[in-house]
Each structure stands twice: as C-alpha cells, then as structure tokens.
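A.B. asks: Mind looking over this structure? Questions follow.
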Amino acid sequence: MTPRFSGKGFYQNVYIFLLVTGIILMVFAYLLYRHTFISLLIPAGVVLLAGMIAFVAVRKHYNRVYGIRGFFYALSNSLLAYGGMVAFLFLLINYYGASTVDEGLVVPIKRKHLAIDSTGRITRLEKPSIIIHHQGVDKELVFDFARYPQVIAAEYVVIDYSRGFFGYDILHSYDVVQKLPEPEP
C-alpha cells in the first residue's frame with residue numbers, strides 16, 4: 001500500500017516561496033517608495049490591511065500544514081508575504097501608471113544633513129542630503145560627495161515630477177540651486 005499524499009511538504013514549500021518573494025518585493029517597494037511623494041503610513045497601511053486579510057484567509061491552513069497552534073507565525077508570514085506583494089504592486093502601479101507629462105517645481109530646502117564641522121571639513125563619510133516638503137510629505141534627497149559645495153550653498157531644489165496613477169507624485173530628477181532666478185520684466 002502506498003502512503004497517501006498529504007501535501008504538507010508541498011504547502012510548506014509554497015509558504016516559504018511566498019515569504020521569500022514577499023520580502024524581496026518589499027525591498028523593491030522600498031526602492032519605489034524613495035521616488036514617490038507618499039507618506040510612509042500609506043504603504044505601511046497597505047501592508048497591514050493585505051496581511052490581515054491574508055491572515056484571516058490562511059491561518060487555519062497554515063497552522064495545520066506546520067502543525068502549530070497560535071497566530072504569530074501565520075500573522076508574520078501573512079504580513080511579510082502578502083503584505084509585501086500588495087504594497088509592491090500598489091507602488092508599482094502608481095509609478096508605471098504615472099502621467100507622461102513632467103512638471104517642474106522650485107521648492108525651498110527645509111533641512112540639510114551635512115557631515116561637516118564648524119571649520120568646513122567633512123567629519124564623516126556620509127553623503128549630503130536635504131529634506132524638502134512637497135504635497136504634505138517630507139522627502140529626503142541624497143546627493144553625491146562631489147556635490148558637497150553646491151549642497152552647502154543651496155537654498156532651493158528644482159524637482160521634475162509627474163502625477164502617479166493613484167495621485168502620489170513620482171520624482172524623476174532633482175538638482176540644487178543657490179537662489180531663485182530673477183523674473184524677467
């Protein structure tokens with residue numbers, strides 16, 4: 001008599017595959033997040049909502065496959081696997097569904113993060129960055145080391161962006177300027 005196929009090993013591999021895929025897609029979602037003017041609460045809310053819905057749907061099956069009781073493992077797997085996938089898809093659709101019309105805007109610098117001391121010497125090997133405020137969101141823009149003098153002297157940032165599919169702006173490029181150009185009479 002042959003043993004009956006229970007499928008536990010298969011489903012364990014499926015859950016592991018979904019977990020690894022969700023974690024990888026969450027990393028890609030972070031990369032898309034860096035180019036999107038969106039509050040961190042929105043992608044985190046998407047992860048929580050999708051993860052909780054998936055948790056309710058797969059908890060009993062997950063516990064049966066792994067032979068465990070409780071909710072911690074099923075919840076963490078659901079948040080990382082399904083939440084990561086849905087958050088990535090949300091940001092991906094917003095990014096690639098963006099309008100093709102680029103808009104330009106000059107934004108004042110809110111804060112600078114420079115690793116220099118009072119004498120002007122670089123104290124840490126840290127790239128210069130600035131924080132701007134656009135659409136109710138503070139966004140950090142990081143520059144190369146070669147741009148240190150320009151970032152120190154800058155007061156404004158010129159950004160090129162387009163409107164995303166869900167309404168969250170997508171940052172295409174940015175550069176610092178020392179002062180606003182004079183308007184022509």
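As shown in the structure tokens, the chain order sets the letters A, B, ...; within each chain, residues go from 1, and ligands are also counted from 1 in the order they appear.
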Quick one: residues within 7 Å of Asp102 (chain A), only C-alpha atoms, excluding same-chain residues fewer than 5 positions away - as a PyMOL selection string?
C.D. replies: chain A and resi 160-162
A.B. asks: Excluding same-chain residues fewer than 3 positions from Phe166 (chain A), what lies within 12 Å of it counting only C-alpha atoms, as an MDAnalysis selection string?
C.D. replies: chainID A and resid 36:38 42 89:99 162:163 169:170
A.B. asks: Please extract the residues of region 4-117 of chain A with a backbone DSSP assignment of helix (DSSP H, G or I) and present them as a count of residues only.
C.D. replies: 77
A.B. asks: Counting only C-alpha atoms, figure out which residue out of A:Met85, A:Leu41, A:Leu79, A:Ile68 gets nearest to Val56 (chain A).
C.D. replies: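 With only C-alpha atoms as the atom set, the closest residue is A:Leu79.
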A.B. asks: Find the spatial neighbours of region 139-151 of chain A, counting only C-alpha atoms, within a cut-off of 9 Å - ignore same-chain residues fewer than 2 positions away - and output them as a PDB file with N, CA, C and O atoms, in the first residue's frame.
C.D. replies:
ATOM      1  N   ARG A  34      11.161  55.449  -2.437  1.00  0.00           N
ATOM      2  CA  ARG A  34      12.134  56.541  -2.425  1.00  0.00           C
ATOM      3  C   ARG A  34      11.902  57.540  -3.544  1.00  0.00           C
ATOM      4  O   ARG A  34      12.336  58.685  -3.461  1.00  0.00           O
ATOM      5  N   THR A  36       8.773  58.299  -4.664  1.00  0.00           N
ATOM      6  CA  THR A  36       7.361  58.667  -4.610  1.00  0.00           C
ATOM      7  C   THR A  36       7.121  59.619  -3.445  1.00  0.00           C
ATOM      8  O   THR A  36       7.598  59.390  -2.346  1.00  0.00           O
ATOM      9  N   PHE A  37       6.365  60.681  -3.704  1.00  0.00           N
ATOM     10  CA  PHE A  37       5.964  61.605  -2.639  1.00  0.00           C
ATOM     11  C   PHE A  37       4.724  61.025  -1.971  1.00  0.00           C
ATOM     12  O   PHE A  37       3.590  61.309  -2.357  1.00  0.00           O
ATOM     13  N   ILE A  38       4.949  60.176  -0.977  1.00  0.00           N
ATOM     14  CA  ILE A  38       3.860  59.498  -0.281  1.00  0.00           C
ATOM     15  C   ILE A  38       4.277  59.323   1.179  1.00  0.00           C
ATOM     16  O   ILE A  38       5.446  59.088   1.474  1.00  0.00           O
ATOM     17  N   LYS A 112      19.032  70.561   5.964  1.00  0.00           N
ATOM     18  CA  LYS A 112      20.196  69.949   5.328  1.00  0.00           C
ATOM     19  C   LYS A 112      20.851  69.001   6.311  1.00  0.00           C
ATOM     20  O   LYS A 112      20.911  69.282   7.506  1.00  0.00           O
ATOM     21  N   LEU A 114      24.429  67.580   6.648  1.00  0.00           N
ATOM     22  CA  LEU A 114      25.790  67.653   6.161  1.00  0.00           C
ATOM     23  C   LEU A 114      26.729  67.184   7.262  1.00  0.00           C
ATOM     24  O   LEU A 114      26.582  67.564   8.418  1.00  0.00           O
ATOM     25  N   LEU A 125      32.095  60.040   6.456  1.00  0.00           N
ATOM     26  CA  LEU A 125      31.867  59.681   5.057  1.00  0.00           C
ATOM     27  C   LEU A 125      30.376  59.425   4.862  1.00  0.00           C
ATOM     28  O   LEU A 125      29.908  58.307   4.795  1.00  0.00           O
ATOM     29  N   GLU A 126      29.661  60.504   4.781  1.00  0.00           N
ATOM     30  CA  GLU A 126      28.217  60.449   4.649  1.00  0.00           C
ATOM     31  C   GLU A 126      27.814  61.370   3.507  1.00  0.00           C
ATOM     32  O   GLU A 126      28.264  62.506   3.436  1.00  0.00           O
ATOM     33  N   LYS A 127      26.981  60.881   2.636  1.00  0.00           N
ATOM     34  CA  LYS A 127      26.553  61.702   1.504  1.00  0.00           C
ATOM     35  C   LYS A 127      25.695  62.857   1.998  1.00  0.00           C
ATOM     36  O   LYS A 127      24.915  62.695   2.934  1.00  0.00           O
ATOM     37  N   PRO A 128      25.825  64.025   1.359  1.00  0.00           N
ATOM     38  CA  PRO A 128      24.986  65.151   1.766  1.00  0.00           C
ATOM     39  C   PRO A 128      23.538  64.895   1.347  1.00  0.00           C
ATOM     40  O   PRO A 128      23.272  64.327   0.291  1.00  0.00           O
ATOM     41  N   SER A 129      22.613  65.306   2.193  1.00  0.00           N
ATOM     42  CA  SER A 129      21.202  65.140   1.862  1.00  0.00           C
ATOM     43  C   SER A 129      20.440  66.353   2.354  1.00  0.00           C
ATOM     44  O   SER A 129      20.888  67.079   3.239  1.00  0.00           O
ATOM     45  N   ILE A 130      19.294  66.543   1.746  1.00  0.00           N
ATOM     46  CA  ILE A 130      18.412  67.639   2.126  1.00  0.00           C
ATOM     47  C   ILE A 130      17.009  67.089   2.277  1.00  0.00           C
ATOM     48  O   ILE A 130      16.681  66.025   1.750  1.00  0.00           O
ATOM     49  N   ILE A 131      16.193  67.816   3.000  1.00  0.00           N
ATOM     50  CA  ILE A 131      14.792  67.436   3.159  1.00  0.00           C
ATOM     51  C   ILE A 131      13.948  68.571   2.604  1.00  0.00           C
ATOM     52  O   ILE A 131      14.163  69.742   2.931  1.00  0.00           O
ATOM     53  N   ILE A 132      12.998  68.194   1.745  1.00  0.00           N
ATOM     54  CA  ILE A 132      12.065  69.165   1.182  1.00  0.00           C
ATOM     55  C   ILE A 132      10.656  68.758   1.596  1.00  0.00           C
ATOM     56  O   ILE A 132      10.414  67.620   2.004  1.00  0.00           O
ATOM     57  N   HIS A 133       9.736  69.690   1.472  1.00  0.00           N
ATOM     58  CA  HIS A 133       8.334  69.433   1.804  1.00  0.00           C
ATOM     59  C   HIS A 133       7.509  69.655   0.545  1.00  0.00           C
ATOM     60  O   HIS A 133       7.511  70.740  -0.024  1.00  0.00           O
ATOM     61  N   HIS A 134       6.839  68.586   0.086  1.00  0.00           N
ATOM     62  CA  HIS A 134       6.011  68.666  -1.121  1.00  0.00           C
ATOM     63  C   HIS A 134       4.799  67.774  -0.928  1.00  0.00           C
ATOM     64  O   HIS A 134       4.925  66.631  -0.500  1.00  0.00           O
ATOM     65  N   VAL A 137       4.330  66.001   2.413  1.00  0.00           N
ATOM     66  CA  VAL A 137       5.252  64.928   2.743  1.00  0.00           C
ATOM     67  C   VAL A 137       6.672  65.484   2.768  1.00  0.00           C
ATOM     68  O   VAL A 137       7.072  66.211   1.857  1.00  0.00           O
ATOM     69  N   ALA A 153      25.819  75.479  -0.283  1.00  0.00           N
ATOM     70  CA  ALA A 153      25.418  76.830  -0.669  1.00  0.00           C
ATOM     71  C   ALA A 153      23.965  76.921  -1.118  1.00  0.00           C
ATOM     72  O   ALA A 153      23.434  78.016  -1.256  1.00  0.00           O
ATOM     73  N   ALA A 154      23.296  75.809  -1.340  1.00  0.00           N
ATOM     74  CA  ALA A 154      21.957  75.821  -1.933  1.00  0.00           C
ATOM     75  C   ALA A 154      20.892  76.265  -0.945  1.00  0.00           C
ATOM     76  O   ALA A 154      20.983  76.020   0.257  1.00  0.00           O
ATOM     77  N   GLU A 155      19.882  76.908  -1.478  1.00  0.00           N
ATOM     78  CA  GLU A 155      18.709  77.308  -0.716  1.00  0.00           C
ATOM     79  C   GLU A 155      17.427  76.683  -1.276  1.00  0.00           C
ATOM     80  O   GLU A 155      16.425  76.609  -0.583  1.00  0.00           O
ATOM     81  N   TYR A 174      16.206  65.779  -9.712  1.00  0.00           N
ATOM     82  CA  TYR A 174      16.284  66.924  -8.817  1.00  0.00           C
ATOM     83  C   TYR A 174      17.691  67.495  -8.871  1.00  0.00           C
ATOM     84  O   TYR A 174      18.650  66.805  -9.178  1.00  0.00           O
ATOM     85  N   ASP A 175      17.783  68.790  -8.571  1.00  0.00           N
ATOM     86  CA  ASP A 175      19.073  69.465  -8.521  1.00  0.00           C
ATOM     87  C   ASP A 175      18.951  70.661  -7.585  1.00  0.00           C
ATOM     88  O   ASP A 175      17.862  71.212  -7.414  1.00  0.00           O
ATOM     89  N   VAL A 176      20.053  71.061  -6.999  1.00  0.00           N
ATOM     90  CA  VAL A 176      20.043  72.197  -6.080  1.00  0.00           C
ATOM     91  C   VAL A 176      20.391  73.480  -6.827  1.00  0.00           C
ATOM     92  O   VAL A 176      21.133  73.468  -7.809  1.00  0.00           O
ATOM     93  N   VAL A 177      19.840  74.594  -6.344  1.00  0.00           N
ATOM     94  CA  VAL A 177      20.171  75.925  -6.869  1.00  0.00           C
ATOM     95  C   VAL A 177      20.389  76.839  -5.675  1.00  0.00           C
ATOM     96  O   VAL A 177      19.769  76.685  -4.629  1.00  0.00           O
ATOM     97  N   GLN A 178      21.299  77.823  -5.866  1.00  0.00           N
ATOM     98  CA  GLN A 178      21.636  78.714  -4.762  1.00  0.00           C
ATOM     99  C   GLN A 178      20.517  79.707  -4.472  1.00  0.00           C
ATOM    100  O   GLN A 178      20.200  79.976  -3.337  1.00  0.00           O
TER     101      GLN A 178
END
A.B. asks: Go through A:His35, A:Val86, A:Phe17, A:Tyr66 and flag the residue nearest Ile53 (chain A), using only C-alpha atoms for the distances.
C.D. replies: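 Closest residue, counting only C-alpha atoms: A:Val86.
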A.B. asks: Fewer than 5 positions away in the same chain doesn't count, so skip those; otherwise give me all residues within 7 Å of region 20-32 of chain A, counting only C-alpha atoms, as a list of chain:residue names.
C.D. replies: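 The residues that qualify are A:Leu80, A:Ala81, A:Tyr82, A:Gly84, A:Met85, A:Ala87, A:Phe88, A:Leu91.
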A.B. asks: If we count only C-alpha atoms and set the cut-off at 12 Å, which residues sit around Tyr11 (chain A), ignoring sequence neighbours fewer than 6 positions away in its own chain? Please answer as a VMD selection string.
C.D. replies: chain A and resid 5 17 to 18 58 61 to 66
A.B. asks: Write down as number ranges by chain the residues belonging to chain A that are assigned strand (DSSP E or B) by DSSP computed on the backbone.
C.D. replies: A: 36, 103-113, 116, 122, 129-134, 137-142, 156-162, 170-177
A.B. asks: Could you tell me which of A:Gly164, A:Pro43, A:Gly9, A:Gly136 comes closest to Val101 (chain A) if we count only C-alpha atoms?
C.D. replies: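 The shortest atom-to-atom distance to Val101 (chain A) comes from A:Gly164.
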A.B. asks: Please determine, counting only C-alpha atoms, which residue among A:Gly45, A:Gly83, A:Gly70, A:Pro108 has the shortest atom-to-atom distance to Lys179 (chain A).
C.D. replies: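 Going through A:Gly45, A:Gly83, A:Gly70, A:Pro108 one by one, the smallest distance to Lys179 (chain A) is for A:Pro108.
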A.B. asks: For CA of Val107 (chain A) and CA of Ile159 (chain A), quote the distance in Å rounded to one decimal.
C.D. replies: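 Atom-to-atom, CA of Val107 (chain A) to CA of Ile159 (chain A), that is 7.5 Å.
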A.B. asks: I need the residue nearest Tyr168 (chain A) from this list: A:Tyr156, A:Ala74, A:Gly51, A:Gln135. Use only C-alpha atoms for the distance.
C.D. replies: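 Once distances to Tyr168 (chain A) are computed over only C-alpha atoms, the minimum belongs to A:Gln135.
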